[in-house]
Amino acid sequence: MQTKYIFVTGGVVSSLGKGIISASIGKLLQARGFKVTIQKFDPYINIDPGTLNPYEHGECYVTEDGFETDLDLGHYERFTGIRTTQNNSITTGRIYKTVIDRERHGDYLGKTIQVVPHITDEIKRRMLRLSEKGKVNSEKFATASDEQLDFVITEVGGTIGDIESAPFMEAIRQLRWQLGRDAVCVHLTYVPYLKAADELKTKPTQHSVKELQSMGIQPDILVLRTERHLDDHLRMKVASFCNVDLECVVQSEDMPSIYEVPVNMQQQGLDAAILRKIGVPVGETPAMKAWHDFLDKQRKATREVHIGLVGKYDLQDAYKSIRESLNLAGIYNDVKVRMHFVNSEEITSENIAKKLENLQGIVICPGFGQRGIEGKIVAAEYTRIHDIPTFGICLGMQMMVIEFARNVLGYKDANSAEMNPDTPHNVIDIMEEQKSITQMGGTMRLGAYDCELVKGSRVYKAYGEKKMVSERHRHRYEFNNRYKEEYEKAGMKCVGINPAANLVEIVEIPKKRWYIGTQFHPEYSSTVLQPHPLFMSFIKACM
């Protein structure tokens with residue numbers, strides 16, 4: 001089958017859930033046996049979101065090949081189980097940088113470089129790139145797949161009408177003409193409810209579609225985001241005014257969980273409508289048994305486990321993958337995980353007992369910089385002394401190491417070289433290869449690296465007694481191996497080591513119920529059908 005292309009755009013307002021809809025379409029097509037990938041095009045000029053404050057753009061998601069990307073790629077991977085690469089995440093900044101670099105190299109000699117055709121041509125090239133048979137998807141992974149993709153789903157960030165989105169819309173317009181029936185446009189809009197009038201209003205959707213049409217793009221399918229059920233009369237009105245078939249007007253109501261969305265979309269025939277539009281036989285509706293089993297477990301879970309997230313970002317999206325990993329692990333352990341944000345900037349030795357009251361476990365969250373680290377250290381000490389299950393991730397693991405040095409090894413001035421370059425006891429130090437780096441963007445230790453587990457350790461058992469695992473990283477600083485022997489003698493064991501660099505990846509205190517820190521980010525590898533084993537083990541301990 002010739003590769004088919006699905007473009008997902010959004011109108012009216014942002015944050016409607018284009019990423020969830022894109023991931024749901026991918027899951028539904030995957031369930032029908034198609035080979036699928038999903039990519040995200042973001043209109044901002046940053047090369048990637050790696051240097052963005054989480055309050056600006058939520059968490060930064062890291063791919064296996066070490067690229068810092070938008071958090072929507074986390075949804076794609078969690079829903080479908082596919083592994084994305086740097087080619088699945090493109091920004092305006094990357095597009096312009098590629099074109100400007102080529103211009104400087106002399107590739108366009110004699111040409112005036114313009115948005116159309118040079119920028120739009122580069123956007124089109126990137127949109128088609130993943131479908132090229134046998135193409136290496138990443139510089140880090142040397143092997144190329146000989147399997148041709150059936151579908152490439154492309155989500156465009158932002159909202160129709162944004163100035164920065166215009167080149168992407170023009171690229172889609174051109175591709176729609178070039179690809180004919182091999183391309184379909186799915187447009188997500190909002191249908192608000194006006195309480196005073198007691199009415200659902202379709203006018204914002206009509207305006208959004210008109211805006212899209214003015215750019216030369218006729219949407220094939222409309223997904224209407226709504227907080228209230230839309231009757232057939234309203235759907236017919238939208239279909240009529242927007243030149244869309246009634247069966248192609250689908251509503252996306254608020255669901256108890258984002259994982260209900262694919263089932264809701266399937267029940268309304270979204271995947272079948274897409275297949276009909278591009279001329280592919282629809283066939284039988286797949287049962288998706290494993291997904292339904294997961295949802296059944298989610299609905300039946302009644303017992304609650306309360307977990308504290310100790311961090312400095314009071315924002316759900318800042319720790320999105322961690323939250324979802326905890327949720328998934330809870331569901332597979334037949335419990336509901338209730339998460340409580342604990343602001344590490346407000347933690348002191350005097351109030352820590354009150355802050356962590358009634359919590360059955362805590363996650364010491366990742367991050368960068370000085371702000372809030374002393375609170376994390378106080379939390380690590382309290383949970384270690386009181387034997388509360390504790391999971392430290394990246395910077396969280398480093399704070400557990402510093403706390404142990406200060407209060408067990410007796411190095412009261414122990415610190416990380418990141419926070420105090422002059423500390424006499426730099427138990428966390430900058431990595432050797434990072435010392436000469438001056439550029440901030442994309443220069444950390446990024447992506448998947450091997451980790452060899454110590455036989456008999458708690459993590460070894462959690463991973464199903466695997467000797468070697470591979471996990472994703474995002475850091476510049478590491479455990480200082482000069483102190484390794486002292487830590488091990490005092491009871492904090494180094495139970496995960498990168499065999500190539502001898503880097504300490506995991507620490508644990510075996511005498512505690514569950515006190516483990518990882519230098520890597522296990523949350524990036526957790527999916528709906530395969531929750532991460534460390535989160536599974538952590539939730540079991542909290543229960």
# chains A, B, ... in the order shown; residues from 1 in each chain; ligands from 1
call {"tool": "select_by_dssp", "arguments": {"residues": "segment 9-223 of chain A", "states": "strand (DSSP E or B)", "output": "count of residues only"}}
result
37
call {"tool": "select_by_dssp", "arguments": {"residues": "segment 278-396 of chain A", "states": "helix (DSSP H, G or I)", "output": "ChimeraX atom specification"}}
result
/A:289-300,316-332,344-346,352-355,373-385,395-396
call {"tool": "atom_distance", "arguments": {"atom1": "atom CA of Asp450 of chain A", "atom2": "atom CA of His521 of chain A"}}
result
12.7 Å
call {"tool": "residues_around", "arguments": {"residues": "Val191 of chain A", "least_positions_apart": "6", "cutoff": "6 Å", "atoms": "only C-alpha atoms", "output": "list in words"}}
result
Lys201, Thr202 and Thr226 of chain A
call {"tool": "closest_residue", "arguments": {"among": "A:Ala329, A:Val495, A:Leu73, A:Leu315", "to": "Gln298 of chain A", "atoms": "only C-alpha atoms"}}
result
A:Ala329
call {"tool": "residues_around", "arguments": {"residues": "segment 284-290 of chain A", "least_positions_apart": "6", "cutoff": "9 Å", "atoms": "only C-alpha atoms", "output": "ChimeraX atom specification"}}
result
/A:28,31-32,263,266,272,529
call {"tool": "write_last_selection", "arguments": {"atoms": "N, CA, C and O atoms", "output": "PDB file, in the first residue's frame"}}
result
ATOM      1  N   LEU A  28      -5.799   3.489  16.772  1.00  0.00           N
ATOM      2  CA  LEU A  28      -6.899   2.812  16.064  1.00  0.00           C
ATOM      3  C   LEU A  28      -6.427   2.204  14.743  1.00  0.00           C
ATOM      4  O   LEU A  28      -6.820   1.083  14.387  1.00  0.00           O
ATOM      5  N   ALA A  31      -4.334  -0.797  15.509  1.00  0.00           N
ATOM      6  CA  ALA A  31      -5.161  -1.947  15.887  1.00  0.00           C
ATOM      7  C   ALA A  31      -5.716  -2.665  14.660  1.00  0.00           C
ATOM      8  O   ALA A  31      -6.048  -3.854  14.709  1.00  0.00           O
ATOM      9  N   ARG A  32      -5.800  -1.951  13.531  1.00  0.00           N
ATOM     10  CA  ARG A  32      -6.261  -2.560  12.285  1.00  0.00           C
ATOM     11  C   ARG A  32      -5.126  -3.216  11.500  1.00  0.00           C
ATOM     12  O   ARG A  32      -5.327  -3.688  10.386  1.00  0.00           O
ATOM     13  N   VAL A 263     -11.238   4.658  22.314  1.00  0.00           N
ATOM     14  CA  VAL A 263     -12.459   3.847  22.265  1.00  0.00           C
ATOM     15  C   VAL A 263     -13.641   4.710  21.850  1.00  0.00           C
ATOM     16  O   VAL A 263     -14.473   4.308  21.019  1.00  0.00           O
ATOM     17  N   GLN A 266     -13.344   5.354  18.208  1.00  0.00           N
ATOM     18  CA  GLN A 266     -13.674   4.145  17.444  1.00  0.00           C
ATOM     19  C   GLN A 266     -15.184   3.935  17.370  1.00  0.00           C
ATOM     20  O   GLN A 266     -15.730   3.579  16.315  1.00  0.00           O
ATOM     21  N   ALA A 272     -12.735   4.539  10.687  1.00  0.00           N
ATOM     22  CA  ALA A 272     -13.435   4.064   9.486  1.00  0.00           C
ATOM     23  C   ALA A 272     -13.641   5.214   8.497  1.00  0.00           C
ATOM     24  O   ALA A 272     -13.487   5.042   7.274  1.00  0.00           O
ATOM     25  N   LEU A 529       0.245  -0.249  27.512  1.00  0.00           N
ATOM     26  CA  LEU A 529       0.237  -1.715  27.558  1.00  0.00           C
ATOM     27  C   LEU A 529       1.498  -2.295  28.183  1.00  0.00           C
ATOM     28  O   LEU A 529       1.560  -3.498  28.442  1.00  0.00           O
TER      29      LEU A 529
END
call {"tool": "atom_distance", "arguments": {"atom1": "atom CA of Ser537 of chain A", "atom2": "atom CA of Asn333 of chain A"}}
result
9.4 Å
call {"tool": "residues_around", "arguments": {"residues": "segment 150-167 of chain A", "least_positions_apart": "4", "cutoff": "6 Å", "atoms": "only C-alpha atoms", "output": "VMD selection string"}}
result
chain A and resid 3 to 11 34 to 43 120
call {"tool": "atom_distance", "arguments": {"atom1": "atom CA of Gly375 of chain A", "atom2": "atom CA of Ile347 of chain A"}}
result
4.7 Å
call {"tool": "residues_around", "arguments": {"residues": "segment 500-503 of chain A", "least_positions_apart": "6", "cutoff": "9 Å", "atoms": "only C-alpha atoms", "output": "PyMOL selection string"}}
result
chain A and resi 450-451+478-481
call {"tool": "residues_around", "arguments": {"residues": "Val62 of chain A", "least_positions_apart": "5", "cutoff": "9 Å", "atoms": "only C-alpha atoms", "output": "PyMOL selection string"}}
result
chain A and resi 67-71+73-74+85+446-447+472-474+521+524
call {"tool": "write_last_selection", "arguments": {"atoms": "all heavy atoms", "output": "compact mmCIF listing (two decimals), in the first residue's frame"}}
result
# COMPACT_ATOMS: atom_id res chain seq x y z
N PHE A 67 16.97 13.31 21.45
CA PHE A 67 16.48 14.61 20.99
C PHE A 67 15.43 15.12 21.97
O PHE A 67 14.55 14.37 22.39
CB PHE A 67 15.90 14.51 19.58
CG PHE A 67 15.77 15.85 18.90
CD1 PHE A 67 16.90 16.50 18.42
CD2 PHE A 67 14.54 16.45 18.75
CE1 PHE A 67 16.79 17.75 17.80
CE2 PHE A 67 14.41 17.69 18.13
CZ PHE A 67 15.54 18.34 17.66
N GLU A 68 15.52 16.40 22.31
CA GLU A 68 14.57 17.02 23.24
C GLU A 68 13.36 17.49 22.43
O GLU A 68 13.50 18.26 21.49
CB GLU A 68 15.24 18.19 23.97
CG GLU A 68 16.36 17.72 24.87
CD GLU A 68 17.20 18.86 25.41
OE1 GLU A 68 17.82 19.57 24.59
OE2 GLU A 68 17.24 19.04 26.63
N THR A 69 12.17 17.02 22.83
CA THR A 69 10.99 17.24 22.02
C THR A 69 9.79 17.71 22.84
O THR A 69 9.85 17.80 24.07
CB THR A 69 10.57 15.94 21.28
OG1 THR A 69 10.06 15.01 22.24
CG2 THR A 69 11.75 15.31 20.55
N ASP A 70 8.71 17.94 22.13
CA ASP A 70 7.44 18.35 22.72
C ASP A 70 6.82 17.18 23.51
O ASP A 70 7.00 16.01 23.15
CB ASP A 70 6.51 18.77 21.59
CG ASP A 70 5.17 19.27 22.09
OD1 ASP A 70 5.11 20.42 22.54
OD2 ASP A 70 4.19 18.51 22.04
N LEU A 71 6.06 17.51 24.55
CA LEU A 71 5.46 16.46 25.39
C LEU A 71 4.45 15.60 24.65
O LEU A 71 4.13 14.49 25.09
CB LEU A 71 4.84 17.06 26.65
CG LEU A 71 3.68 18.07 26.55
CD1 LEU A 71 2.34 17.38 26.32
CD2 LEU A 71 3.60 18.91 27.82
N LEU A 73 4.92 13.98 22.04
CA LEU A 73 5.57 12.74 21.61
C LEU A 73 5.46 11.67 22.69
O LEU A 73 5.45 10.48 22.41
CB LEU A 73 7.03 12.97 21.23
CG LEU A 73 7.22 13.33 19.74
CD1 LEU A 73 6.77 14.76 19.44
CD2 LEU A 73 8.65 13.12 19.28
N GLY A 74 5.35 12.12 23.95
CA GLY A 74 5.10 11.17 25.04
C GLY A 74 3.75 10.51 24.89
O GLY A 74 3.61 9.30 25.10
N THR A 85 11.84 9.41 17.08
CA THR A 85 13.21 9.90 17.00
C THR A 85 13.17 11.40 16.74
O THR A 85 12.10 12.02 16.70
CB THR A 85 13.99 9.22 15.85
OG1 THR A 85 13.49 9.73 14.60
CG2 THR A 85 13.84 7.71 15.88
N LEU A 446 22.17 12.95 26.48
CA LEU A 446 20.78 12.76 26.08
C LEU A 446 20.55 11.42 25.42
O LEU A 446 21.43 10.91 24.71
CB LEU A 446 20.35 13.88 25.11
CG LEU A 446 20.26 15.30 25.67
CD1 LEU A 446 20.24 16.32 24.53
CD2 LEU A 446 19.02 15.46 26.53
N GLY A 447 19.39 10.84 25.65
CA GLY A 447 18.99 9.63 24.94
C GLY A 447 19.27 8.35 25.71
O GLY A 447 19.62 8.36 26.90
N ARG A 472 16.63 6.27 29.13
CA ARG A 472 16.92 7.58 28.54
C ARG A 472 17.40 8.59 29.59
O ARG A 472 16.92 8.61 30.71
CB ARG A 472 15.67 8.12 27.85
CG ARG A 472 15.13 7.17 26.79
CD ARG A 472 13.93 7.75 26.09
NE ARG A 472 13.02 6.70 25.68
CZ ARG A 472 11.92 6.88 24.99
NH1 ARG A 472 11.58 8.09 24.62
NH2 ARG A 472 11.14 5.87 24.67
N HIS A 473 18.31 9.43 29.15
CA HIS A 473 18.96 10.38 30.05
C HIS A 473 18.75 11.82 29.58
O HIS A 473 18.51 12.08 28.41
CB HIS A 473 20.47 10.12 30.11
CG HIS A 473 20.82 8.80 30.72
ND1 HIS A 473 20.54 7.60 30.10
CD2 HIS A 473 21.42 8.50 31.90
CE1 HIS A 473 20.96 6.61 30.87
NE2 HIS A 473 21.50 7.13 31.96
N ARG A 474 18.95 12.74 30.55
CA ARG A 474 18.94 14.18 30.25
C ARG A 474 19.63 14.91 31.41
O ARG A 474 19.00 15.43 32.32
CB ARG A 474 17.50 14.68 30.06
CG ARG A 474 17.42 16.14 29.59
CD ARG A 474 15.99 16.57 29.32
NE ARG A 474 15.94 17.92 28.82
CZ ARG A 474 15.36 18.95 29.45
NH1 ARG A 474 14.74 18.76 30.60
NH2 ARG A 474 15.37 20.15 28.93
N HIS A 521 15.73 8.71 33.23
CA HIS A 521 14.31 9.05 33.32
C HIS A 521 13.46 7.85 32.89
O HIS A 521 13.11 7.72 31.71
CB HIS A 521 13.98 10.24 32.41
CG HIS A 521 14.53 11.54 32.88
ND1 HIS A 521 13.77 12.47 33.55
CD2 HIS A 521 15.78 12.07 32.77
CE1 HIS A 521 14.53 13.53 33.84
NE2 HIS A 521 15.75 13.30 33.38
N TYR A 524 9.97 8.05 30.64
CA TYR A 524 9.86 8.16 29.19
C TYR A 524 9.56 6.83 28.51
O TYR A 524 9.17 6.81 27.33
CB TYR A 524 11.16 8.73 28.59
CG TYR A 524 11.49 10.15 29.01
CD1 TYR A 524 12.81 10.57 29.17
CD2 TYR A 524 10.48 11.10 29.23
CE1 TYR A 524 13.12 11.87 29.54
CE2 TYR A 524 10.79 12.39 29.60
CZ TYR A 524 12.11 12.77 29.76
OH TYR A 524 12.42 14.06 30.13
